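Student: Quick one: the structure is below, questions incoming.
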Amino acid sequence: MSHIHNGVIRLYSHSGLCNRLRLFSSYMNLAEKIDHKIEMHWILCVQCWASFDALFKPIPNVNFIYSRHGKNPRKSRPANSAISLNHIKEQEICNYYQAIKPIPSIQKEIDTLKKRLGDDFSSCHVRRGDILTIQKKYDKKPNTNEEFFEFLENTNSRKYFIATDNKEAQEIFKDRYKDKVIFSSTISKKSCTRWPRRTTSIQNAVIDLFTCIDSKHFTGTVCSSFTEFIHRYRKGLKCQN
């Protein structure tokens, strides 16, 4: 394979955060088997302006190379690099996700948020914005607010945590659940249904990710890699316990 040479598996992504995490995680088993390192070209662009090391602790045998996305994507992508996922069993990638840990400053914010939530909280990832385009592409019905309401109320948890990219969604959940619902930040920008325009920082996205992971019950948004990451990380944790 052209992306495997000189003891290195070379990968490239200018996608969103969780698509990047999924890409290099899917190659970790192969890297171990053939005793290679992973060289992950992590492109700084509108989908993800933060570097991996500004968000997460180092991962052994995974090296990150940073560059900005050029006007011509072909010039941004290095030769002999892969953008597609490696074939890997579901449980294996769930287990490899466990190597992804927030840096101490972000973990501190997660811990502070979890103290406000207590031990009994449920969470939802309510993705709106440009996910509608992906759902339409795969002929998937978007999750309704009523579906999220039903899920939360059936859990009977003391607190609810909502991870969302949508200002209107925050207002709707706050109006319904008052002080029972908690967010990691207050969104002031409107999400875009056509373009991957961020309404929160990447650091807040990591806080949302790992708060949802630690919740007692969780549900998310169809077609979302963010939701998929949470489900798989939680599955990996259960196998460790």
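Letters A, B, ... mark the chains of the structure tokens in the order given; residue numbers begin at 1 per chain; ligand numbers begin at 1, in order shown.
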What lies within 12 Å of Ser224 (chain A) using only C-alpha atoms, ignoring chain neighbours under 2 positions off, as JSON, numbers by chain?

Tutor: {"A": [16, 17, 18, 19, 125, 126, 127, 128, 129, 130, 131, 132, 133, 134, 135, 138, 140, 142, 143, 164, 219, 220, 221, 222, 226, 227, 228, 229, 230, 231]}

Student: Skip Gln98 (chain A) itself and residues of its chain fewer than 5 positions away, then list as an mmCIF file with C-alpha atoms, in the first residue's frame all residues within 12 Å of it, counting only C-alpha atoms.

Tutor:
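The result, stored in selection-v6.cif:
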```
data_model
loop_
_atom_site.group_PDB
_atom_site.id
_atom_site.type_symbol
_atom_site.label_atom_id
_atom_site.label_comp_id
_atom_site.auth_asym_id
_atom_site.auth_seq_id
_atom_site.Cartn_x
_atom_site.Cartn_y
_atom_site.Cartn_z
ATOM 1 C CA LEU A 21 -9.668 10.619 15.849
ATOM 2 C CA ARG A 22 -11.413 7.721 14.123
ATOM 3 C CA SER A 25 -7.374 4.945 15.681
ATOM 4 C CA MET A 28 -3.392 1.502 15.422
ATOM 5 C CA PHE A 56 -5.130 15.550 24.106
ATOM 6 C CA LYS A 57 -2.211 13.827 25.777
ATOM 7 C CA ILE A 59 -0.242 8.759 22.147
ATOM 8 C CA GLN A 91 -14.456 -3.826 19.503
ATOM 9 C CA GLU A 92 -10.832 -3.146 18.561
ATOM 10 C CA ILE A 93 -11.441 0.480 17.648
ATOM 11 C CA PHE A 210 -15.908 13.404 27.664
ATOM 12 C CA ILE A 213 -18.875 9.671 27.879
ATOM 13 C CA PHE A 229 -17.091 8.416 19.141
ATOM 14 C CA ILE A 230 -19.001 8.690 22.429
ATOM 15 C CA ARG A 232 -17.576 3.556 21.024
ATOM 16 C CA TYR A 233 -15.579 5.096 23.876
ATOM 17 C CA ARG A 234 -18.302 4.087 26.346
ATOM 18 C CA LYS A 235 -18.278 0.566 24.898
ATOM 19 C CA GLY A 236 -14.505 0.367 25.333
ATOM 20 C CA LEU A 237 -14.811 1.520 28.961
ATOM 21 C CA LYS A 238 -17.357 -1.205 29.715
ATOM 22 C CA CYS A 239 -14.979 -3.857 28.395
ATOM 23 C CA GLN A 240 -12.222 -2.552 30.688
#
```

Student: As a PyMOL selection string, please: every residue in region 158-191 of chain A that DSSP puts in strand (DSSP E).

Tutor: chain A and resi 159-164+181-182

Student: Go through region 76-130 of chain A residue by residue and, counting only C-alpha atoms, keep those with an atom at most 10 Å from region 41-44 of chain A; for each kept residue give the shortest atom pair and its distance in Å to one decimal, ordered by chain and increasing number, as CSV.

Tutor:
```
residue,atom,partner,partner_atom,distance
A:Ser76,CA,A:Ile43,CA,8.0
A:Arg77,CA,A:His41,CA,8.0
A:Pro78,CA,A:His41,CA,8.1
A:Ser81,CA,A:His41,CA,8.6
A:Ala82,CA,A:His41,CA,9.9
A:Ile83,CA,A:His41,CA,10.0
```

Student: Could those residues be written to a file, using all heavy atoms, as a short mmCIF file (atom, residue, chain, number, x, y, z; two decimals), in the first residue's frame?

Tutor:
```cif
data_model
loop_
_atom_site.label_atom_id
_atom_site.label_comp_id
_atom_site.auth_asym_id
_atom_site.auth_seq_id
_atom_site.Cartn_x
_atom_site.Cartn_y
_atom_site.Cartn_z
N SER A 76 -2.25 20.53 -0.13
CA SER A 76 -2.21 20.34 1.32
C SER A 76 -1.89 18.89 1.68
O SER A 76 -1.22 18.63 2.67
CB SER A 76 -3.56 20.72 1.95
OG SER A 76 -3.87 22.06 1.72
N ARG A 77 -2.39 17.98 0.88
CA ARG A 77 -2.23 16.56 1.18
C ARG A 77 -0.87 16.05 0.69
O ARG A 77 -0.54 16.16 -0.49
CB ARG A 77 -3.34 15.75 0.54
CG ARG A 77 -3.26 14.26 0.83
CD ARG A 77 -4.40 13.51 0.18
NE ARG A 77 -4.19 12.07 0.27
CZ ARG A 77 -4.99 11.17 -0.28
NH1 ARG A 77 -6.06 11.57 -0.96
NH2 ARG A 77 -4.72 9.88 -0.15
N PRO A 78 -0.08 15.46 1.59
CA PRO A 78 1.23 14.93 1.18
C PRO A 78 1.09 13.68 0.33
O PRO A 78 0.07 12.97 0.39
CB PRO A 78 1.91 14.61 2.51
CG PRO A 78 0.78 14.34 3.45
CD PRO A 78 -0.33 15.27 3.02
N SER A 81 -0.27 9.21 1.20
CA SER A 81 -1.02 9.29 2.46
C SER A 81 -2.42 8.73 2.24
O SER A 81 -2.97 8.78 1.14
CB SER A 81 -1.09 10.73 2.96
OG SER A 81 -1.72 11.57 2.02
N ALA A 82 -3.00 8.20 3.31
CA ALA A 82 -4.34 7.61 3.24
C ALA A 82 -5.35 8.52 3.92
O ALA A 82 -5.06 9.14 4.95
CB ALA A 82 -4.35 6.24 3.91
N ILE A 83 -6.54 8.61 3.35
CA ILE A 83 -7.63 9.39 3.94
C ILE A 83 -8.80 8.49 4.35
O ILE A 83 -9.70 8.94 5.04
CB ILE A 83 -8.14 10.47 2.98
CG1 ILE A 83 -8.66 9.84 1.68
CG2 ILE A 83 -7.04 11.49 2.70
CD1 ILE A 83 -9.31 10.85 0.73
#
```

Student: Can you list every residue in region 21-208 of chain A that DSSP puts in alpha helix (DSSP H), as a PyMOL selection string?

Tutor: chain A and resi 21-26+28-34+73-76+90-96+104-117+131-137+145-155+167-177+202-208

Student: Could you turn the residues from that selection into a file that holds C-alpha atoms, as a compact mmCIF listing (two decimals), in the first residue's frame?

Tutor:
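File produced: again.txt:
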```
# COMPACT_ATOMS: atom_id res chain seq x y z
CA LEU A 21 -9.67 10.62 15.85
CA ARG A 22 -11.41 7.72 14.12
CA LEU A 23 -8.95 7.74 11.20
CA PHE A 24 -5.71 7.23 13.11
CA SER A 25 -7.37 4.94 15.68
CA SER A 26 -8.46 2.62 12.89
CA MET A 28 -3.39 1.50 15.42
CA ASN A 29 -3.88 -2.27 15.31
CA LEU A 30 -2.16 -2.51 11.91
CA ALA A 31 0.71 -0.31 13.14
CA GLU A 32 1.28 -2.68 16.07
CA LYS A 33 1.19 -5.78 13.87
CA ILE A 34 3.78 -4.53 11.38
CA PRO A 73 -6.54 20.78 -1.24
CA ARG A 74 -4.26 18.73 -3.50
CA LYS A 75 -1.29 20.82 -2.35
CA SER A 76 -2.21 20.34 1.32
CA GLU A 90 -15.74 -2.76 16.10
CA GLN A 91 -14.46 -3.83 19.50
CA GLU A 92 -10.83 -3.15 18.56
CA ILE A 93 -11.44 0.48 17.65
CA CYS A 94 -13.53 0.90 20.82
CA ASN A 95 -10.52 -0.29 22.80
CA TYR A 96 -8.03 1.93 20.92
CA PRO A 104 -4.92 18.29 32.22
CA SER A 105 -6.32 21.82 31.70
CA ILE A 106 -9.31 20.48 29.73
CA GLN A 107 -9.78 17.54 32.10
CA LYS A 108 -9.97 20.04 34.97
CA GLU A 109 -12.88 21.79 33.24
CA ILE A 110 -14.58 18.44 32.65
CA ASP A 111 -14.21 17.53 36.33
CA THR A 112 -15.64 20.90 37.41
CA LEU A 113 -18.63 20.42 35.12
CA LYS A 114 -19.21 16.88 36.40
CA LYS A 115 -19.27 18.18 39.99
CA ARG A 116 -22.19 20.43 39.00
CA LEU A 117 -23.93 17.47 37.37
CA ILE A 131 -25.41 17.39 9.78
CA LEU A 132 -28.77 17.79 7.98
CA THR A 133 -26.93 17.58 4.64
CA ILE A 134 -25.27 14.29 5.66
CA GLN A 135 -28.55 12.85 6.98
CA LYS A 136 -30.26 13.72 3.71
CA LYS A 137 -27.43 12.10 1.73
CA ASN A 145 -36.47 17.42 20.02
CA GLU A 146 -39.39 15.27 21.20
CA GLU A 147 -37.25 12.13 20.84
CA PHE A 148 -34.57 13.66 23.03
CA PHE A 149 -37.18 14.79 25.57
CA GLU A 150 -38.61 11.26 25.77
CA PHE A 151 -35.17 9.74 26.24
CA LEU A 152 -34.18 12.11 29.04
CA GLU A 153 -37.46 11.85 30.92
CA ASN A 154 -37.41 8.05 30.75
CA THR A 155 -33.98 7.98 32.42
CA LYS A 167 -28.25 28.17 19.95
CA GLU A 168 -31.95 27.48 19.44
CA ALA A 169 -31.60 23.94 20.82
CA GLN A 170 -30.01 25.31 24.00
CA GLU A 171 -32.90 27.72 24.45
CA ILE A 172 -35.51 25.00 23.89
CA PHE A 173 -33.95 22.58 26.40
CA LYS A 174 -33.36 25.36 28.93
CA ASP A 175 -36.96 26.53 28.64
CA ARG A 176 -38.26 23.00 29.19
CA TYR A 177 -35.94 21.79 31.95
CA ILE A 202 -12.77 22.79 19.74
CA GLN A 203 -11.81 22.77 23.44
CA ASN A 204 -15.51 22.94 24.34
CA ALA A 205 -16.17 20.07 21.94
CA VAL A 206 -13.69 17.92 23.88
CA ILE A 207 -15.37 18.91 27.16
CA ASP A 208 -18.73 17.91 25.66
```
